[in-house]
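Next comes my_file39.cif, a file with mmCIF, C-alpha atoms.
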data_upload
#
loop_
_atom_site.label_atom_id
_atom_site.label_comp_id
_atom_site.auth_asym_id
_atom_site.auth_seq_id
_atom_site.Cartn_x
_atom_site.Cartn_y
_atom_site.Cartn_z
CA MET A 29 0.00 0.00 0.00
CA ALA A 30 1.13 3.52 -0.74
CA ARG A 31 0.23 5.03 2.60
CA HIS A 32 2.52 7.78 3.86
CA ARG A 33 4.20 8.16 0.48
CA ARG A 34 4.72 11.58 -1.01
CA ASP A 35 2.86 12.07 -4.29
CA PRO A 36 5.32 12.25 -7.16
CA GLU A 37 4.89 14.91 -9.81
CA LEU A 38 2.03 13.26 -11.63
CA ASP A 39 -0.46 14.92 -13.94
CA ARG A 40 -3.56 13.31 -12.53
CA ASP A 41 -6.11 15.27 -14.54
CA LEU A 42 -4.59 14.83 -18.03
CA ALA A 43 -6.55 17.87 -19.22
CA ASP A 44 -4.60 18.00 -22.51
CA LEU A 45 -6.03 14.61 -23.62
CA PRO A 46 -9.45 14.05 -25.20
CA PRO A 47 -11.90 12.36 -22.76
CA GLU A 48 -11.67 8.85 -24.29
CA LEU A 49 -7.84 8.88 -24.25
CA ARG A 50 -7.82 10.31 -20.73
CA TRP A 51 -10.03 7.43 -19.52
CA ARG A 52 -7.80 4.87 -21.28
CA GLU A 53 -4.67 6.37 -19.68
CA TRP A 54 -6.25 6.21 -16.22
CA MET A 55 -7.09 2.53 -16.86
CA ARG A 56 -3.45 1.91 -17.86
CA ARG A 57 -2.21 3.59 -14.70
CA ILE A 58 -4.44 1.39 -12.54
CA GLU A 59 -3.26 -1.66 -14.49
CA ALA A 60 0.39 -0.67 -13.94
CA VAL A 61 -0.13 -0.15 -10.19
CA LEU A 62 -1.91 -3.50 -9.79
CA PHE A 63 0.73 -5.26 -11.86
CA ALA A 64 3.57 -3.84 -9.75
CA SER A 65 1.94 -4.40 -6.35
CA ALA A 66 2.56 -7.53 -4.30
CA SER A 67 -0.53 -6.94 -2.17
CA PRO A 68 -4.10 -5.73 -2.76
CA VAL A 69 -4.27 -2.02 -3.59
CA PRO A 70 -7.09 -0.15 -1.85
CA ARG A 71 -9.36 2.32 -3.64
CA GLU A 72 -7.80 5.35 -1.96
CA ASP A 73 -4.35 4.44 -3.29
CA LEU A 74 -5.65 3.91 -6.84
CA ALA A 75 -7.42 7.27 -6.63
CA ARG A 76 -3.97 8.90 -6.33
CA VAL A 77 -3.17 8.13 -10.01
CA VAL A 78 -6.41 9.36 -11.63
CA GLY A 79 -8.24 12.67 -11.82
CA GLN A 80 -9.97 14.01 -8.75
CA GLY A 81 -13.53 12.72 -8.47
CA VAL A 82 -12.99 10.01 -11.10
CA SER A 83 -14.65 6.69 -10.22
CA VAL A 84 -11.97 4.10 -9.49
CA ASP A 85 -14.72 1.46 -9.44
CA LEU A 86 -15.77 2.27 -13.01
CA LEU A 87 -12.15 2.28 -14.19
CA VAL A 88 -11.59 -1.14 -12.60
CA GLU A 89 -14.83 -2.42 -14.18
CA ASP A 90 -13.64 -1.31 -17.64
CA LEU A 91 -10.21 -2.80 -17.05
CA THR A 92 -11.85 -6.06 -15.93
CA ALA A 93 -13.87 -6.11 -19.16
CA ASP A 94 -10.64 -5.61 -21.16
CA LEU A 95 -9.16 -8.70 -19.48
CA VAL A 96 -11.95 -11.08 -20.53
CA GLY A 97 -10.31 -14.00 -22.31
CA ARG A 98 -6.91 -13.37 -20.72
CA THR A 99 -5.17 -15.81 -18.36
CA PHE A 100 -5.37 -13.39 -15.44
CA GLU A 101 -8.07 -11.29 -13.83
CA ILE A 102 -8.58 -8.54 -11.28
CA ALA A 103 -9.75 -9.86 -7.92
CA GLN A 104 -11.22 -7.75 -5.15
CA VAL A 105 -9.71 -9.10 -1.93
CA ALA A 106 -8.81 -7.80 1.51
CA GLY A 107 -10.18 -4.32 0.90
CA GLY A 108 -8.43 -3.74 -2.41
CA TRP A 109 -7.74 -5.13 -5.88
CA MET A 110 -4.97 -7.31 -7.23
CA PHE A 111 -4.13 -9.37 -10.29
CA ARG A 112 -4.33 -13.14 -10.06
CA THR A 113 -4.15 -15.98 -12.51
CA ARG A 114 -7.49 -17.53 -13.40
CA ALA A 115 -8.13 -20.79 -11.53
CA ALA A 116 -8.43 -22.74 -14.79
CA TYR A 117 -4.67 -22.34 -15.28
CA ALA A 118 -3.65 -23.67 -11.86
CA PRO A 119 -2.68 -27.16 -13.19
CA ALA A 120 -0.43 -25.64 -15.86
CA ILE A 121 1.23 -23.37 -13.31
CA ARG A 122 1.83 -26.24 -10.88
CA ALA A 123 3.29 -28.33 -13.71
CA ALA A 124 5.76 -25.79 -15.06
CA ALA A 125 6.18 -22.66 -12.92
CA ASP A 126 8.40 -22.08 -9.92
CA VAL A 127 5.82 -20.86 -7.43
CA GLY A 128 8.10 -21.54 -4.47
CA ASN A 129 6.70 -20.19 -1.23
CA GLN A 130 3.42 -19.07 -2.82
CA LEU A 131 1.87 -22.46 -2.11
CA LEU A 132 0.13 -22.72 1.25
CA ASP A 133 1.12 -26.38 1.69
CA LEU A 134 -1.32 -26.94 4.57
CA ASN A 135 -2.70 -30.30 5.61
CA GLU A 136 -6.36 -30.91 6.42
CA PHE A 137 -5.94 -30.38 10.17
CA ASP A 138 -3.98 -27.12 9.61
CA ILE A 139 -6.89 -25.86 7.53
CA ALA A 140 -9.40 -26.94 10.18
CA VAL A 141 -7.49 -25.00 12.86
CA LEU A 142 -7.23 -21.99 10.55
CA ALA A 143 -10.99 -22.15 9.95
CA ALA A 144 -11.64 -22.34 13.70
CA ILE A 145 -9.49 -19.24 14.22
CA ALA A 146 -11.32 -17.44 11.39
CA TYR A 147 -14.77 -18.19 12.84
CA HIS A 148 -13.97 -17.75 16.53
CA GLN A 149 -11.37 -14.97 16.54
CA PRO A 150 -9.89 -13.73 18.70
CA ILE A 151 -9.26 -17.16 20.17
CA ALA A 152 -6.53 -18.56 22.41
CA ARG A 153 -4.97 -22.04 22.23
CA ASP A 154 -7.20 -23.25 25.07
CA GLY A 155 -10.26 -22.17 23.04
CA LEU A 156 -8.94 -24.22 20.12
CA LYS A 157 -8.46 -27.15 22.52
CA ASP A 158 -12.14 -26.86 23.49
CA ILE A 159 -13.13 -27.07 19.82
CA PHE A 160 -10.87 -29.95 18.80
CA GLY A 161 -10.71 -31.87 22.08
CA LYS A 162 -6.92 -31.86 22.10
CA GLU A 163 -4.01 -29.49 22.56
CA ILE A 164 -3.08 -27.52 19.44
CA SER A 165 0.70 -27.56 19.07
CA ARG A 166 2.80 -24.43 19.08
CA ASP A 167 4.41 -25.78 15.89
CA LEU A 168 1.08 -25.71 14.05
CA ILE A 169 0.37 -22.18 15.28
CA GLY A 170 3.91 -21.26 14.25
CA ARG A 171 3.38 -22.63 10.70
CA LEU A 172 0.19 -20.59 10.27
CA HIS A 173 1.94 -17.53 11.67
CA ALA A 174 5.02 -18.03 9.44
CA ARG A 175 2.73 -18.08 6.37
CA GLU A 176 1.20 -14.83 7.69
CA LEU A 177 -2.26 -16.39 7.75
CA ILE A 178 -2.73 -15.58 11.44
CA GLY A 179 -1.42 -12.91 13.75
CA THR A 180 -1.46 -12.20 17.44
CA GLY A 181 -4.69 -10.74 18.76
CA PRO A 182 -5.48 -9.14 22.11
CA ARG A 183 -4.62 -10.99 25.30
CA SER A 184 -7.41 -13.18 26.60
CA PRO A 185 -9.16 -12.00 29.79
CA ARG A 186 -8.58 -15.49 31.25
CA ARG A 187 -6.10 -16.29 33.99
CA GLY A 188 -2.54 -15.79 32.76
CA ALA A 189 -3.80 -13.53 29.93
CA PRO A 190 -2.75 -15.84 27.07
CA TYR A 191 -2.34 -14.41 23.60
CA THR A 192 -5.17 -14.87 21.17
CA PHE A 193 -4.98 -15.43 17.43
CA VAL A 194 -6.73 -13.63 14.57
CA THR A 195 -6.63 -13.96 10.81
CA THR A 196 -4.68 -11.48 8.69
CA GLU A 197 -4.97 -9.66 5.38
CA GLN A 198 -2.83 -12.44 3.88
CA PHE A 199 -5.52 -14.93 4.98
CA LEU A 200 -8.10 -12.96 2.96
CA VAL A 201 -5.76 -12.83 -0.04
CA ALA A 202 -4.89 -16.54 0.13
CA PHE A 203 -8.54 -17.56 0.13
CA GLY A 204 -9.79 -14.84 -2.24
CA LEU A 205 -12.06 -13.13 0.30
CA LYS A 206 -12.98 -9.44 0.30
CA THR A 207 -13.75 -9.54 4.02
CA LEU A 208 -14.37 -12.11 6.75
CA GLY A 209 -18.06 -11.63 5.96
CA ASP A 210 -17.41 -13.66 2.79
CA LEU A 211 -16.64 -16.81 4.79
CA PRO A 212 -19.28 -19.53 4.28
CA ASP A 213 -21.92 -19.33 7.00
CA ARG A 214 -21.92 -22.00 9.66
CA GLU A 215 -25.05 -23.66 8.28
CA GLN A 216 -23.25 -24.24 4.96
CA LEU A 217 -20.32 -25.75 6.85
CA ASP A 218 -22.65 -28.04 8.82
CA ASP A 219 -24.33 -29.16 5.58
CA ALA A 220 -20.89 -29.99 4.16
CA GLY A 221 -19.98 -31.96 7.30
CA LEU A 222 -17.35 -29.40 8.33
CA SER A 223 -18.76 -28.13 11.62
CA ILE A 224 -16.27 -26.24 13.77
CA ARG A 225 -18.48 -25.33 16.70
CA ALA A 226 -17.06 -25.14 20.17
CA GLY A 227 -18.03 -28.08 22.32
#
Can you give me the file's structure in the form of structure tokens?
Amino acid sequence: MARHRRDPELDRDLADLPPELRWREWMRRIEAVLFASASPVPREDLARVVGQGVSVDLLVEDLTADLVGRTFEIAQVAGGWMFRTRAAYAPAIRAAADVGNQLLDLNEFDIAVLAAIAYHQPIARDGLKDIFGKEISRDLIGRLHARELIGTGPRSPRRGAPYTFVTTEQFLVAFGLKTLGDLPDREQLDDAGLSIRAG
């Protein structure tokens, strides 16, 4: 994100261009910013490269329409936009590309613990123990933390004030969610046999 950065000398209004070329240039600027950014770019940052009062949402819509039929798309995740490869190309990428540390590489239980944190946050390890009926290892918590899927939340009001865990922006990005409100509701999870209710 471009917070706290000084605006470079940038002609945002492009008054010397005809309206249709001006719009196209603003679309290209948004495309360039999204292409260069490693994380979702929020609306207020994209607004810094277009004319004052110009609708970033409409520019992104037009850019999205331009990308139809391409191998990548614009995704709205974690309060901003970013480019991502279309899911249909995942097998080709796994077969030939060096994606290194981009893969989550989580097992089924890791994902279950991550889901419990997402639905019950902020939650401490003893809260996770109540859900799963067994102690959740520090190693598992460490793996989720190392992948930046969870972070440390407020201290629990329980005796000893243990740390709690919460999901992060990277969690939203990894699972393609705009907000936590986009998580499946608990009834859908129950129907799929994936209940994560506390005991």
Result set, the PyMOL selection byres ((chain A and resi 207) around 9) on current file, as a list in words: Val105, Ala106, Gly107, Glu197, Leu200, Leu205, Lys206, Leu208, Gly209, Asp210 and Leu211 of chain A
To one decimal in Å, tell me the separation between CA of Arg183 in chain A and CA of Glu136 in chain A. 27.5 Å
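Taking CA of Ile151 in chain A as the reference point, CA of Phe137 in chain A is found at 16.9 Å.
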Between CA of Tyr191 in chain A and CA of Gly179 in chain A, what is the distance in Å, rounded to a tenth? 10.0 Å
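When the PyMOL selection byres ((chain A and resi 41-45) around 8) is evaluated on the file shown here, the picked residues come out as A:Asp39, A:Arg40, A:Pro46, A:Pro47, A:Leu49, A:Arg50, A:Val78, A:Gly79, A:Gln80.
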Report the residues retrieved by the PyMOL selection byres ((chain A and resi 155) around 12) from the displayed file, expressed as a PyMOL selection string. chain A and resi 141+144-145+147-154+156-164+184+186+190-193+224-227
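Considering the residues A:Pro119, A:Gly204, A:Gly108, A:Pro185 and counting only C-alpha atoms, Glu72 in chain A has its shortest atom-to-atom contact with A:Gly108.
Minimum atom-to-atom distance to Leu177 in chain A, evaluated using all atoms listed in the file, belongs to A:Val194 out of A:Leu86, A:Ala140, A:Ala118, A:Val194.
Candidate residues A:Ile169, A:Ala202, A:Val77, A:Ile121 were compared for distance to Glu37 in chain A, and the nearest is A:Val77, using only C-alpha atoms.
Of the residues listed (A:Leu38, A:Arg187, A:Leu142, A:Ala125), A:Leu142 shows the shortest atom-to-atom separation from His173 in chain A; distances use all atoms listed in the file.
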Non-local contacts of Ile102 in chain A (8 Å; only C-alpha atoms; under 6 positions in same chain excluded) as a VMD selection string: chain A and resid 92 109 to 112
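Distances here use all atoms listed in the file; by that measure, the residue among A:Gly97, A:Gly181, A:Gly170, A:Pro68 closest to Gln198 in chain A is A:Pro68.
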Output range 167-178 of chain A as a PDB file, in the frame of the given file, making sure all heavy atoms are there.
ATOM      1  N   ASP A 167       3.846 -25.652  17.238  1.00  0.00           N
ATOM      2  CA  ASP A 167       4.410 -25.780  15.890  1.00  0.00           C
ATOM      3  C   ASP A 167       3.361 -25.469  14.829  1.00  0.00           C
ATOM      4  O   ASP A 167       3.642 -24.776  13.851  1.00  0.00           O
ATOM      5  CB  ASP A 167       4.954 -27.188  15.656  1.00  0.00           C
ATOM      6  CG  ASP A 167       6.250 -27.449  16.405  1.00  0.00           C
ATOM      7  OD1 ASP A 167       6.876 -26.474  16.870  1.00  0.00           O
ATOM      8  OD2 ASP A 167       6.631 -28.625  16.517  1.00  0.00           O
ATOM      9  N   LEU A 168       2.139 -25.983  15.011  1.00  0.00           N
ATOM     10  CA  LEU A 168       1.080 -25.710  14.050  1.00  0.00           C
ATOM     11  C   LEU A 168       0.767 -24.218  14.027  1.00  0.00           C
ATOM     12  O   LEU A 168       0.675 -23.610  12.954  1.00  0.00           O
ATOM     13  CB  LEU A 168      -0.171 -26.520  14.396  1.00  0.00           C
ATOM     14  CG  LEU A 168      -1.295 -26.533  13.356  1.00  0.00           C
ATOM     15  CD1 LEU A 168      -2.185 -27.749  13.557  1.00  0.00           C
ATOM     16  CD2 LEU A 168      -2.115 -25.290  13.382  1.00  0.00           C
ATOM     17  N   ILE A 169       0.619 -23.628  15.197  1.00  0.00           N
ATOM     18  CA  ILE A 169       0.370 -22.180  15.280  1.00  0.00           C
ATOM     19  C   ILE A 169       1.521 -21.425  14.618  1.00  0.00           C
ATOM     20  O   ILE A 169       1.311 -20.471  13.873  1.00  0.00           O
ATOM     21  CB  ILE A 169       0.183 -21.737  16.757  1.00  0.00           C
ATOM     22  CG1 ILE A 169      -1.076 -22.382  17.364  1.00  0.00           C
ATOM     23  CG2 ILE A 169       0.135 -20.226  16.871  1.00  0.00           C
ATOM     24  CD1 ILE A 169      -2.388 -21.992  16.728  1.00  0.00           C
ATOM     25  N   GLY A 170       2.732 -21.883  14.847  1.00  0.00           N
ATOM     26  CA  GLY A 170       3.910 -21.260  14.250  1.00  0.00           C
ATOM     27  C   GLY A 170       3.901 -21.334  12.727  1.00  0.00           C
ATOM     28  O   GLY A 170       4.282 -20.372  12.042  1.00  0.00           O
ATOM     29  N   ARG A 171       3.462 -22.480  12.171  1.00  0.00           N
ATOM     30  CA  ARG A 171       3.380 -22.630  10.700  1.00  0.00           C
ATOM     31  C   ARG A 171       2.377 -21.643  10.118  1.00  0.00           C
ATOM     32  O   ARG A 171       2.628 -20.991   9.099  1.00  0.00           O
ATOM     33  CB  ARG A 171       2.970 -24.053  10.321  1.00  0.00           C
ATOM     34  CG  ARG A 171       4.082 -25.050  10.365  1.00  0.00           C
ATOM     35  CD  ARG A 171       3.731 -26.343   9.645  1.00  0.00           C
ATOM     36  NE  ARG A 171       2.485 -26.974  10.047  1.00  0.00           N
ATOM     37  CZ  ARG A 171       2.360 -27.795  11.095  1.00  0.00           C
ATOM     38  NH1 ARG A 171       3.410 -28.076  11.846  1.00  0.00           N
ATOM     39  NH2 ARG A 171       1.199 -28.338  11.375  1.00  0.00           N
ATOM     40  N   LEU A 172       1.206 -21.517  10.764  1.00  0.00           N
ATOM     41  CA  LEU A 172       0.190 -20.590  10.270  1.00  0.00           C
ATOM     42  C   LEU A 172       0.675 -19.147  10.389  1.00  0.00           C
ATOM     43  O   LEU A 172       0.421 -18.321   9.513  1.00  0.00           O
ATOM     44  CB  LEU A 172      -1.122 -20.776  11.045  1.00  0.00           C
ATOM     45  CG  LEU A 172      -1.800 -22.139  10.906  1.00  0.00           C
ATOM     46  CD1 LEU A 172      -3.043 -22.206  11.781  1.00  0.00           C
ATOM     47  CD2 LEU A 172      -2.132 -22.449   9.459  1.00  0.00           C
ATOM     48  N   HIS A 173       1.389 -18.876  11.467  1.00  0.00           N
ATOM     49  CA  HIS A 173       1.940 -17.530  11.670  1.00  0.00           C
ATOM     50  C   HIS A 173       3.044 -17.241  10.656  1.00  0.00           C
ATOM     51  O   HIS A 173       3.107 -16.143  10.089  1.00  0.00           O
ATOM     52  CB  HIS A 173       2.471 -17.405  13.107  1.00  0.00           C
ATOM     53  CG  HIS A 173       2.589 -16.004  13.573  1.00  0.00           C
ATOM     54  ND1 HIS A 173       3.630 -15.191  13.204  1.00  0.00           N
ATOM     55  CD2 HIS A 173       1.792 -15.258  14.375  1.00  0.00           C
ATOM     56  CE1 HIS A 173       3.480 -14.011  13.761  1.00  0.00           C
ATOM     57  NE2 HIS A 173       2.367 -14.025  14.479  1.00  0.00           N
ATOM     58  N   ALA A 174       3.912 -18.219  10.394  1.00  0.00           N
ATOM     59  CA  ALA A 174       5.020 -18.030   9.440  1.00  0.00           C
ATOM     60  C   ALA A 174       4.491 -17.760   8.029  1.00  0.00           C
ATOM     61  O   ALA A 174       5.127 -17.041   7.251  1.00  0.00           O
ATOM     62  CB  ALA A 174       5.930 -19.254   9.434  1.00  0.00           C
ATOM     63  N   ARG A 175       3.344 -18.319   7.691  1.00  0.00           N
ATOM     64  CA  ARG A 175       2.730 -18.080   6.370  1.00  0.00           C
ATOM     65  C   ARG A 175       1.896 -16.804   6.379  1.00  0.00           C
ATOM     66  O   ARG A 175       1.215 -16.502   5.413  1.00  0.00           O
ATOM     67  CB  ARG A 175       1.888 -19.279   5.969  1.00  0.00           C
ATOM     68  CG  ARG A 175       2.745 -20.485   5.577  1.00  0.00           C
ATOM     69  CD  ARG A 175       1.905 -21.724   5.375  1.00  0.00           C
ATOM     70  NE  ARG A 175       2.682 -22.851   4.906  1.00  0.00           N
ATOM     71  CZ  ARG A 175       3.415 -23.646   5.666  1.00  0.00           C
ATOM     72  NH1 ARG A 175       3.484 -23.415   6.968  1.00  0.00           N
ATOM     73  NH2 ARG A 175       4.086 -24.661   5.156  1.00  0.00           N
ATOM     74  N   GLU A 176       1.913 -16.098   7.507  1.00  0.00           N
ATOM     75  CA  GLU A 176       1.200 -14.830   7.690  1.00  0.00           C
ATOM     76  C   GLU A 176      -0.307 -14.964   7.514  1.00  0.00           C
ATOM     77  O   GLU A 176      -0.982 -14.023   7.127  1.00  0.00           O
ATOM     78  CB  GLU A 176       1.770 -13.746   6.763  1.00  0.00           C
ATOM     79  CG  GLU A 176       3.234 -13.461   7.042  1.00  0.00           C
ATOM     80  CD  GLU A 176       3.815 -12.386   6.136  1.00  0.00           C
ATOM     81  OE1 GLU A 176       3.104 -11.869   5.254  1.00  0.00           O
ATOM     82  OE2 GLU A 176       5.001 -12.063   6.315  1.00  0.00           O
ATOM     83  N   LEU A 177      -0.833 -16.156   7.818  1.00  0.00           N
ATOM     84  CA  LEU A 177      -2.260 -16.390   7.750  1.00  0.00           C
ATOM     85  C   LEU A 177      -2.953 -15.993   9.045  1.00  0.00           C
ATOM     86  O   LEU A 177      -4.153 -15.697   9.052  1.00  0.00           O
ATOM     87  CB  LEU A 177      -2.553 -17.857   7.432  1.00  0.00           C
ATOM     88  CG  LEU A 177      -2.035 -18.328   6.070  1.00  0.00           C
ATOM     89  CD1 LEU A 177      -2.147 -19.847   5.955  1.00  0.00           C
ATOM     90  CD2 LEU A 177      -2.791 -17.642   4.944  1.00  0.00           C
ATOM     91  N   ILE A 178      -2.206 -16.023  10.146  1.00  0.00           N
ATOM     92  CA  ILE A 178      -2.730 -15.580  11.440  1.00  0.00           C
ATOM     93  C   ILE A 178      -1.736 -14.616  12.065  1.00  0.00           C
ATOM     94  O   ILE A 178      -0.558 -14.606  11.724  1.00  0.00           O
ATOM     95  CB  ILE A 178      -3.013 -16.744  12.410  1.00  0.00           C
ATOM     96  CG1 ILE A 178      -1.729 -17.486  12.786  1.00  0.00           C
ATOM     97  CG2 ILE A 178      -4.068 -17.688  11.855  1.00  0.00           C
ATOM     98  CD1 ILE A 178      -1.903 -18.482  13.936  1.00  0.00           C
TER      99      ILE A 178
END
